[in-house]
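Peer 1: Below is upload.pdb; it holds PDB, C-alpha atoms and all ligand atoms.
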ATOM      1  CA  MET A   1      -3.704 325.820  13.894  1.00  0.00           C
ATOM      2  CA  ALA A   2      -4.709 322.174  13.400  1.00  0.00           C
ATOM      3  CA  GLU A   3      -3.129 320.340  10.489  1.00  0.00           C
ATOM      4  CA  LYS A   4      -5.515 319.950   7.562  1.00  0.00           C
ATOM      5  CA  LYS A   5      -6.268 316.286   6.857  1.00  0.00           C
ATOM      6  CA  TRP A   6      -6.315 314.850   3.346  1.00  0.00           C
ATOM      7  CA  PHE A   7      -9.782 313.827   2.262  1.00  0.00           C
ATOM      8  CA  TYR A   8      -8.350 310.871   0.359  1.00  0.00           C
ATOM      9  CA  THR A   9      -7.207 307.457   1.547  1.00  0.00           C
ATOM     10  CA  ASP A  10      -3.573 306.482   1.120  1.00  0.00           C
ATOM     11  CA  ILE A  11      -4.495 304.059  -1.639  1.00  0.00           C
ATOM     12  CA  VAL A  12      -6.353 306.785  -3.570  1.00  0.00           C
ATOM     13  CA  LYS A  13      -3.333 309.049  -3.264  1.00  0.00           C
ATOM     14  CA  GLU A  14      -1.013 306.253  -4.343  1.00  0.00           C
ATOM     15  CA  HIS A  15      -3.033 305.575  -7.513  1.00  0.00           C
ATOM     16  CA  PHE A  16      -3.390 309.283  -8.221  1.00  0.00           C
ATOM     17  CA  PHE A  17       0.344 309.927  -8.013  1.00  0.00           C
ATOM     18  CA  ASN A  18       1.257 306.669  -9.801  1.00  0.00           C
ATOM     19  CA  PRO A  19      -1.645 305.815 -12.093  1.00  0.00           C
ATOM     20  CA  ARG A  20      -1.548 302.315 -13.579  1.00  0.00           C
ATOM     21  CA  ASN A  21      -2.233 301.661 -17.260  1.00  0.00           C
ATOM     22  CA  ILE A  22      -2.627 305.324 -18.137  1.00  0.00           C
ATOM     23  CA  LEU A  23      -1.789 306.529 -21.649  1.00  0.00           C
ATOM     24  CA  LYS A  24       0.006 309.755 -20.937  1.00  0.00           C
ATOM     25  CA  THR A  25       0.272 311.217 -24.401  1.00  0.00           C
ATOM     26  CA  ASP A  26      -1.831 311.277 -27.535  1.00  0.00           C
ATOM     27  CA  LYS A  27       0.983 309.448 -29.291  1.00  0.00           C
ATOM     28  CA  GLU A  28       0.809 306.610 -26.740  1.00  0.00           C
ATOM     29  CA  ALA A  29      -2.958 306.509 -27.131  1.00  0.00           C
ATOM     30  CA  GLU A  30      -2.726 306.408 -30.933  1.00  0.00           C
ATOM     31  CA  GLU A  31      -0.249 303.519 -30.789  1.00  0.00           C
ATOM     32  CA  PHE A  32      -2.355 301.504 -28.354  1.00  0.00           C
ATOM     33  CA  ALA A  33      -5.553 302.246 -30.254  1.00  0.00           C
ATOM     34  CA  LYS A  34      -4.119 300.623 -33.406  1.00  0.00           C
ATOM     35  CA  HIS A  35      -4.343 297.204 -31.730  1.00  0.00           C
ATOM     36  CA  ALA A  36      -7.255 297.739 -29.357  1.00  0.00           C
ATOM     37  CA  ASP A  37     -10.355 295.575 -29.690  1.00  0.00           C
ATOM     38  CA  GLY A  38     -12.714 298.148 -28.205  1.00  0.00           C
ATOM     39  CA  VAL A  39     -12.815 301.786 -27.186  1.00  0.00           C
ATOM     40  CA  GLY A  40     -15.251 303.662 -24.990  1.00  0.00           C
ATOM     41  CA  GLU A  41     -15.594 307.334 -24.189  1.00  0.00           C
ATOM     42  CA  VAL A  42     -17.955 308.743 -21.610  1.00  0.00           C
ATOM     43  CA  GLY A  43     -18.534 312.069 -19.918  1.00  0.00           C
ATOM     44  CA  SER A  44     -19.871 312.923 -16.503  1.00  0.00           C
ATOM     45  CA  PRO A  45     -23.097 314.924 -16.597  1.00  0.00           C
ATOM     46  CA  ILE A  46     -22.274 316.194 -13.097  1.00  0.00           C
ATOM     47  CA  CYS A  47     -18.874 317.762 -13.743  1.00  0.00           C
ATOM     48  CA  GLY A  48     -18.397 317.563 -17.520  1.00  0.00           C
ATOM     49  CA  ASP A  49     -15.179 315.561 -17.276  1.00  0.00           C
ATOM     50  CA  VAL A  50     -14.329 312.870 -19.794  1.00  0.00           C
ATOM     51  CA  MET A  51     -12.843 309.358 -19.723  1.00  0.00           C
ATOM     52  CA  LYS A  52     -11.608 307.361 -22.707  1.00  0.00           C
ATOM     53  CA  LEU A  53     -10.656 303.716 -22.351  1.00  0.00           C
ATOM     54  CA  TRP A  54      -9.286 301.018 -24.678  1.00  0.00           C
ATOM     55  CA  ILE A  55      -9.317 297.257 -24.188  1.00  0.00           C
ATOM     56  CA  LYS A  56      -7.693 294.209 -25.693  1.00  0.00           C
ATOM     57  CA  ILE A  57      -9.608 290.942 -25.548  1.00  0.00           C
ATOM     58  CA  LYS A  58      -8.338 287.403 -25.850  1.00  0.00           C
ATOM     59  CA  ASP A  59     -10.335 284.219 -25.193  1.00  0.00           C
ATOM     60  CA  ASN A  60     -13.183 286.238 -23.655  1.00  0.00           C
ATOM     61  CA  LYS A  61     -10.780 287.909 -21.202  1.00  0.00           C
ATOM     62  CA  ILE A  62      -9.673 291.522 -20.902  1.00  0.00           C
ATOM     63  CA  VAL A  63      -5.944 291.097 -21.312  1.00  0.00           C
ATOM     64  CA  ASP A  64      -5.201 294.819 -21.476  1.00  0.00           C
ATOM     65  CA  CYS A  65      -6.984 297.992 -20.451  1.00  0.00           C
ATOM     66  CA  ARG A  66      -5.614 301.507 -20.910  1.00  0.00           C
ATOM     67  CA  TRP A  67      -7.212 304.862 -20.356  1.00  0.00           C
ATOM     68  CA  GLN A  68      -6.972 308.637 -20.424  1.00  0.00           C
ATOM     69  CA  THR A  69      -9.049 311.142 -18.540  1.00  0.00           C
ATOM     70  CA  PHE A  70      -9.508 314.833 -18.044  1.00  0.00           C
ATOM     71  CA  GLY A  71     -11.176 314.030 -14.739  1.00  0.00           C
ATOM     72  CA  CYS A  72     -10.063 314.732 -11.201  1.00  0.00           C
ATOM     73  CA  ALA A  73      -7.900 312.825  -8.721  1.00  0.00           C
ATOM     74  CA  SER A  74     -10.800 310.513  -7.850  1.00  0.00           C
ATOM     75  CA  ALA A  75     -11.426 309.699 -11.507  1.00  0.00           C
ATOM     76  CA  ILE A  76      -7.725 308.990 -12.038  1.00  0.00           C
ATOM     77  CA  ALA A  77      -7.438 306.771  -8.952  1.00  0.00           C
ATOM     78  CA  SER A  78     -10.668 304.938  -9.833  1.00  0.00           C
ATOM     79  CA  ALA A  79      -9.660 304.261 -13.440  1.00  0.00           C
ATOM     80  CA  SER A  80      -6.224 303.163 -12.301  1.00  0.00           C
ATOM     81  CA  MET A  81      -7.667 300.740  -9.745  1.00  0.00           C
ATOM     82  CA  MET A  82     -10.275 299.401 -12.151  1.00  0.00           C
ATOM     83  CA  SER A  83      -7.683 298.807 -14.866  1.00  0.00           C
ATOM     84  CA  GLU A  84      -5.671 296.723 -12.408  1.00  0.00           C
ATOM     85  CA  MET A  85      -8.752 294.786 -11.336  1.00  0.00           C
ATOM     86  CA  VAL A  86      -9.640 293.771 -14.897  1.00  0.00           C
ATOM     87  CA  LYS A  87      -6.071 292.801 -15.825  1.00  0.00           C
ATOM     88  CA  GLU A  88      -5.358 290.763 -12.701  1.00  0.00           C
ATOM     89  CA  ASN A  89      -4.372 287.092 -13.114  1.00  0.00           C
ATOM     90  CA  GLY A  90      -4.144 287.228 -16.881  1.00  0.00           C
ATOM     91  CA  GLY A  91      -7.390 289.112 -17.391  1.00  0.00           C
ATOM     92  CA  MET A  92     -10.915 289.157 -16.028  1.00  0.00           C
ATOM     93  CA  ASN A  93     -13.541 287.420 -18.115  1.00  0.00           C
ATOM     94  CA  ILE A  94     -15.996 289.743 -19.826  1.00  0.00           C
ATOM     95  CA  GLU A  95     -19.043 288.677 -17.816  1.00  0.00           C
ATOM     96  CA  ASP A  96     -17.271 289.446 -14.524  1.00  0.00           C
ATOM     97  CA  ALA A  97     -16.010 292.767 -15.891  1.00  0.00           C
ATOM     98  CA  LEU A  98     -19.550 293.763 -16.838  1.00  0.00           C
ATOM     99  CA  ASN A  99     -20.591 293.138 -13.247  1.00  0.00           C
ATOM    100  CA  ILE A 100     -18.026 295.535 -11.775  1.00  0.00           C
ATOM    101  CA  THR A 101     -19.781 298.406 -10.049  1.00  0.00           C
ATOM    102  CA  ALA A 102     -18.600 301.808  -8.923  1.00  0.00           C
ATOM    103  CA  GLN A 103     -19.014 300.513  -5.359  1.00  0.00           C
ATOM    104  CA  ASP A 104     -16.551 297.678  -6.051  1.00  0.00           C
ATOM    105  CA  ILE A 105     -13.955 300.211  -7.174  1.00  0.00           C
ATOM    106  CA  VAL A 106     -14.601 302.547  -4.243  1.00  0.00           C
ATOM    107  CA  LYS A 107     -14.265 299.612  -1.849  1.00  0.00           C
ATOM    108  CA  LYS A 108     -10.883 298.683  -3.333  1.00  0.00           C
ATOM    109  CA  LEU A 109      -9.811 302.311  -2.890  1.00  0.00           C
ATOM    110  CA  GLU A 110     -10.939 302.114   0.760  1.00  0.00           C
ATOM    111  CA  GLY A 111     -13.404 304.898   0.164  1.00  0.00           C
ATOM    112  CA  LEU A 112     -13.887 308.170  -1.668  1.00  0.00           C
ATOM    113  CA  PRO A 113     -15.439 311.380  -0.397  1.00  0.00           C
ATOM    114  CA  ALA A 114     -19.228 311.204  -0.950  1.00  0.00           C
ATOM    115  CA  ARG A 115     -19.134 314.097  -3.396  1.00  0.00           C
ATOM    116  CA  LYS A 116     -16.633 312.215  -5.511  1.00  0.00           C
ATOM    117  CA  ILE A 117     -18.551 308.982  -6.053  1.00  0.00           C
ATOM    118  CA  HIS A 118     -19.681 310.161  -9.500  1.00  0.00           C
ATOM    119  CA  CYS A 119     -16.008 310.247 -10.548  1.00  0.00           C
ATOM    120  CA  SER A 120     -15.628 306.513  -9.875  1.00  0.00           C
ATOM    121  CA  VAL A 121     -18.537 305.857 -12.240  1.00  0.00           C
ATOM    122  CA  LEU A 122     -16.639 307.269 -15.224  1.00  0.00           C
ATOM    123  CA  GLY A 123     -14.134 304.385 -15.442  1.00  0.00           C
ATOM    124  CA  HIS A 124     -16.618 301.586 -15.273  1.00  0.00           C
ATOM    125  CA  LYS A 125     -18.993 303.308 -17.697  1.00  0.00           C
ATOM    126  CA  ALA A 126     -16.103 303.728 -20.122  1.00  0.00           C
ATOM    127  CA  LEU A 127     -15.288 300.034 -19.702  1.00  0.00           C
ATOM    128  CA  ARG A 128     -18.865 299.065 -20.546  1.00  0.00           C
ATOM    129  CA  ALA A 129     -18.794 301.361 -23.563  1.00  0.00           C
ATOM    130  CA  ALA A 130     -15.524 299.765 -24.717  1.00  0.00           C
ATOM    131  CA  LEU A 131     -17.005 296.290 -24.284  1.00  0.00           C
ATOM    132  CA  ASN A 132     -20.074 297.347 -26.266  1.00  0.00           C
ATOM    133  CA  ASP A 133     -17.765 298.602 -28.982  1.00  0.00           C
ATOM    134  CA  TYR A 134     -15.988 295.232 -28.967  1.00  0.00           C
ATOM    135  CA  PHE A 135     -19.308 293.333 -29.137  1.00  0.00           C
ATOM    136  CA  CYS A 136     -20.410 295.559 -31.964  1.00  0.00           C
ATOM    137  CA  LYS A 137     -17.229 295.120 -33.995  1.00  0.00           C
ATOM    138  CA  THR A 138     -17.234 291.356 -33.539  1.00  0.00           C
ATOM    139  CA  GLY A 139     -20.870 290.723 -34.430  1.00  0.00           C
ATOM    140  CA  GLN A 140     -21.996 290.011 -30.867  1.00  0.00           C
ATOM    141  CA  LYS A 141     -24.784 292.571 -30.614  1.00  0.00           C
ATOM    142  CA  ASP A 142     -26.740 290.241 -28.326  1.00  0.00           C
ATOM    143  CA  ARG A 143     -24.076 290.706 -25.632  1.00  0.00           C
ATOM    144  CA  MET A 144     -24.231 294.503 -25.646  1.00  0.00           C
ATOM    145  CA  VAL A 145     -25.152 296.203 -22.386  1.00  0.00           C
ATOM    146  CA  LYS A 146     -28.601 297.540 -23.038  1.00  0.00           C
ATOM    147  CA  ASP A 147     -28.564 300.459 -20.606  1.00  0.00           C
ATOM    148  CA  GLU A 148     -25.638 302.158 -22.321  1.00  0.00           C
ATOM    149  CA  LYS A 149     -26.114 304.711 -25.076  1.00  0.00           C
ATOM    150  CA  HIS A 150     -24.118 302.808 -27.617  1.00  0.00           C
ATOM    151  CA  THR A 151     -25.322 301.619 -30.974  1.00  0.00           C
ATOM    152  CA  CYS A 152     -23.519 299.694 -33.672  1.00  0.00           C
TER     153      CYS A 152
HETATM  154  S1  LIG B 201     -15.019 316.030 -10.586  1.00  0.00           S
HETATM  155 FE1  LIG B 201     -15.156 315.383 -12.675  1.00  0.00          FE
HETATM  156  S2  LIG B 201     -14.334 313.386 -12.641  1.00  0.00           S
HETATM  157 FE2  LIG B 201     -14.180 314.027 -10.601  1.00  0.00          FE
END
So that I can check it, write out the structure of this file as structure tokens.

Peer 2:
Amino acid sequence: MAEKKWFYTDIVKEHFFNPRNILKTDKEAEEFAKHADGVGEVGSPICGDVMKLWIKIKDNKIVDCRWQTFGCASAIASASMMSEMVKENGGMNIEDALNITAQDIVKKLEGLPARKIHCSVLGHKALRAALNDYFCKTGQKDRMVKDEKHTC
């Protein structure tokens, strides 16, 4: 019998088994949330899974980004990769972070199975929601992403 191949790239597997910037427990999440500048929570209409993400902002840069999900391996790997992308080199500026697409994350992961693309959307939607929350809390409503269902 032929050996069954993994559907996931090595980099997806690596991030799934060793997720970066994840908050593993509710206690960890509560502690981080105390000092977070924004929080976003989104669900996938396709599978019903959920992603919650917190950010810290300094000088218009995302200096920290943590997350939790009840999503699948693809959602975990995607959120892990995206959190690294936004924290790289001292933090991505907000405008660049808002331009991150699911395709950018999938490319960094060297691909995801076609049926799993919706999972990669969860992380970047949660990031946008967290940024909207930050804009809202800091009186910058004009910077809010208009296509997201987030109101102050
Ligand atoms: S199947 Fe729900 S996040 Fe992947």

Peer 1: Quick one: residues within 10 Å of Cys47 of chain A, only C-alpha atoms, excluding same-chain residues fewer than 4 positions away - as a list of chain:residue names?

Peer 2: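 Near Cys47 of chain A, the qualifying residues are A:Gly43, A:Gly71, A:Cys72, A:His118, A:Cys119.
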
Peer 1: Please write as a PyMOL selection string the full residue list that the PyMOL selection byres (((not hetatm)) within 10 of (chain B and resi 201)) yields on this file.

Peer 2: chain A and resi 43-51+69-76+78+115-123

Peer 1: Might you spell out which residues the PyMOL selection byres (((chain A and resi 35) around 12) and not hetatm) would select in the displayed file, as a CSV table (one decimal) with C-alpha atoms, keeping the file's coordinate frame?

Peer 2:
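Resulting contents of selection18.csv:
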chain,number,residue,atom,x,y,z
A,28,GLU,CA,0.8,306.6,-26.7
A,29,ALA,CA,-3.0,306.5,-27.1
A,30,GLU,CA,-2.7,306.4,-30.9
A,31,GLU,CA,-0.2,303.5,-30.8
A,32,PHE,CA,-2.4,301.5,-28.4
A,33,ALA,CA,-5.6,302.2,-30.3
A,34,LYS,CA,-4.1,300.6,-33.4
A,36,ALA,CA,-7.3,297.7,-29.4
A,37,ASP,CA,-10.4,295.6,-29.7
A,38,GLY,CA,-12.7,298.1,-28.2
A,39,VAL,CA,-12.8,301.8,-27.2
A,54,TRP,CA,-9.3,301.0,-24.7
A,55,ILE,CA,-9.3,297.3,-24.2
A,56,LYS,CA,-7.7,294.2,-25.7
A,57,ILE,CA,-9.6,290.9,-25.5
A,64,ASP,CA,-5.2,294.8,-21.5
A,65,CYS,CA,-7.0,298.0,-20.5
A,66,ARG,CA,-5.6,301.5,-20.9

Peer 1: Once the PyMOL selection byres (((chain A and resi 138-148) around 12) and not hetatm) has been evaluated on this model, what residues remain selected, and can you format them as a JSON list (two decimals) with C-alpha atoms, in the frame of the given file?

Peer 2:
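out_35.json was written with the following content:
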[["chain", "number", "residue", "atom", "x", "y", "z"],
["A", 37, "ASP", "CA", -10.36, 295.58, -29.69],
["A", 38, "GLY", "CA", -12.71, 298.15, -28.20],
["A", 40, "GLY", "CA", -15.25, 303.66, -24.99],
["A", 41, "GLU", "CA", -15.59, 307.33, -24.19],
["A", 42, "VAL", "CA", -17.95, 308.74, -21.61],
["A", 57, "ILE", "CA", -9.61, 290.94, -25.55],
["A", 60, "ASN", "CA", -13.18, 286.24, -23.66],
["A", 94, "ILE", "CA", -16.00, 289.74, -19.83],
["A", 95, "GLU", "CA", -19.04, 288.68, -17.82],
["A", 97, "ALA", "CA", -16.01, 292.77, -15.89],
["A", 98, "LEU", "CA", -19.55, 293.76, -16.84],
["A", 99, "ASN", "CA", -20.59, 293.14, -13.25],
["A", 124, "HIS", "CA", -16.62, 301.59, -15.27],
["A", 125, "LYS", "CA", -18.99, 303.31, -17.70],
["A", 126, "ALA", "CA", -16.10, 303.73, -20.12],
["A", 127, "LEU", "CA", -15.29, 300.03, -19.70],
["A", 128, "ARG", "CA", -18.86, 299.06, -20.55],
["A", 129, "ALA", "CA", -18.79, 301.36, -23.56],
["A", 130, "ALA", "CA", -15.52, 299.76, -24.72],
["A", 131, "LEU", "CA", -17.00, 296.29, -24.28],
["A", 132, "ASN", "CA", -20.07, 297.35, -26.27],
["A", 133, "ASP", "CA", -17.76, 298.60, -28.98],
["A", 134, "TYR", "CA", -15.99, 295.23, -28.97],
["A", 135, "PHE", "CA", -19.31, 293.33, -29.14],
["A", 136, "CYS", "CA", -20.41, 295.56, -31.96],
["A", 137, "LYS", "CA", -17.23, 295.12, -33.99],
["A", 149, "LYS", "CA", -26.11, 304.71, -25.08],
["A", 150, "HIS", "CA", -24.12, 302.81, -27.62],
["A", 151, "THR", "CA", -25.32, 301.62, -30.97],
["A", 152, "CYS", "CA", -23.52, 299.69, -33.67]]

Peer 1: By how many Å are atom CA of Ala102 of chain A and atom CA of Met81 of chain A apart?

Peer 2: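 Taking atom CA of Ala102 of chain A as the start and atom CA of Met81 of chain A as the end point, the length is 11.0 Å.
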
Peer 1: Restricting the calculation to all atoms listed in the file, which member of A:Met82, A:Val12, A:Ala77, A:Ile22 is positioned closest to Ile105 of chain A?

Peer 2: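 Closest candidate: A:Met82.
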
Peer 1: Quick one, how far is atom CA of Asn21 of chain A from atom CA of Val86 of chain A?

Peer 2: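 So the answer is 11.1 Å.
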
Peer 1: Just to confirm, what's the straight-line distance from atom CA of Glu110 of chain A to atom CA of Asp96 of chain A in Å (one decimal)?

Peer 2: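 Value for the atom CA of Glu110 of chain A-atom CA of Asp96 of chain A distance: 20.8 Å.
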
Peer 1: Restricting the calculation to all atoms listed in the file: of A:Thr9, A:Asn18, A:Asn93, A:Thr25, which residue gets closest to Trp67 of chain A?

Peer 2: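 Comparing A:Thr9, A:Asn18, A:Asn93, A:Thr25 against Trp67 of chain A, the winner is A:Thr25.
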
Peer 1: Closest to Met85 of chain A among A:Arg20, A:Lys13, A:Lys27, A:Lys52, using all atoms listed in the file?

Peer 2: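 The shortest atom-to-atom distance to Met85 of chain A comes from A:Arg20.
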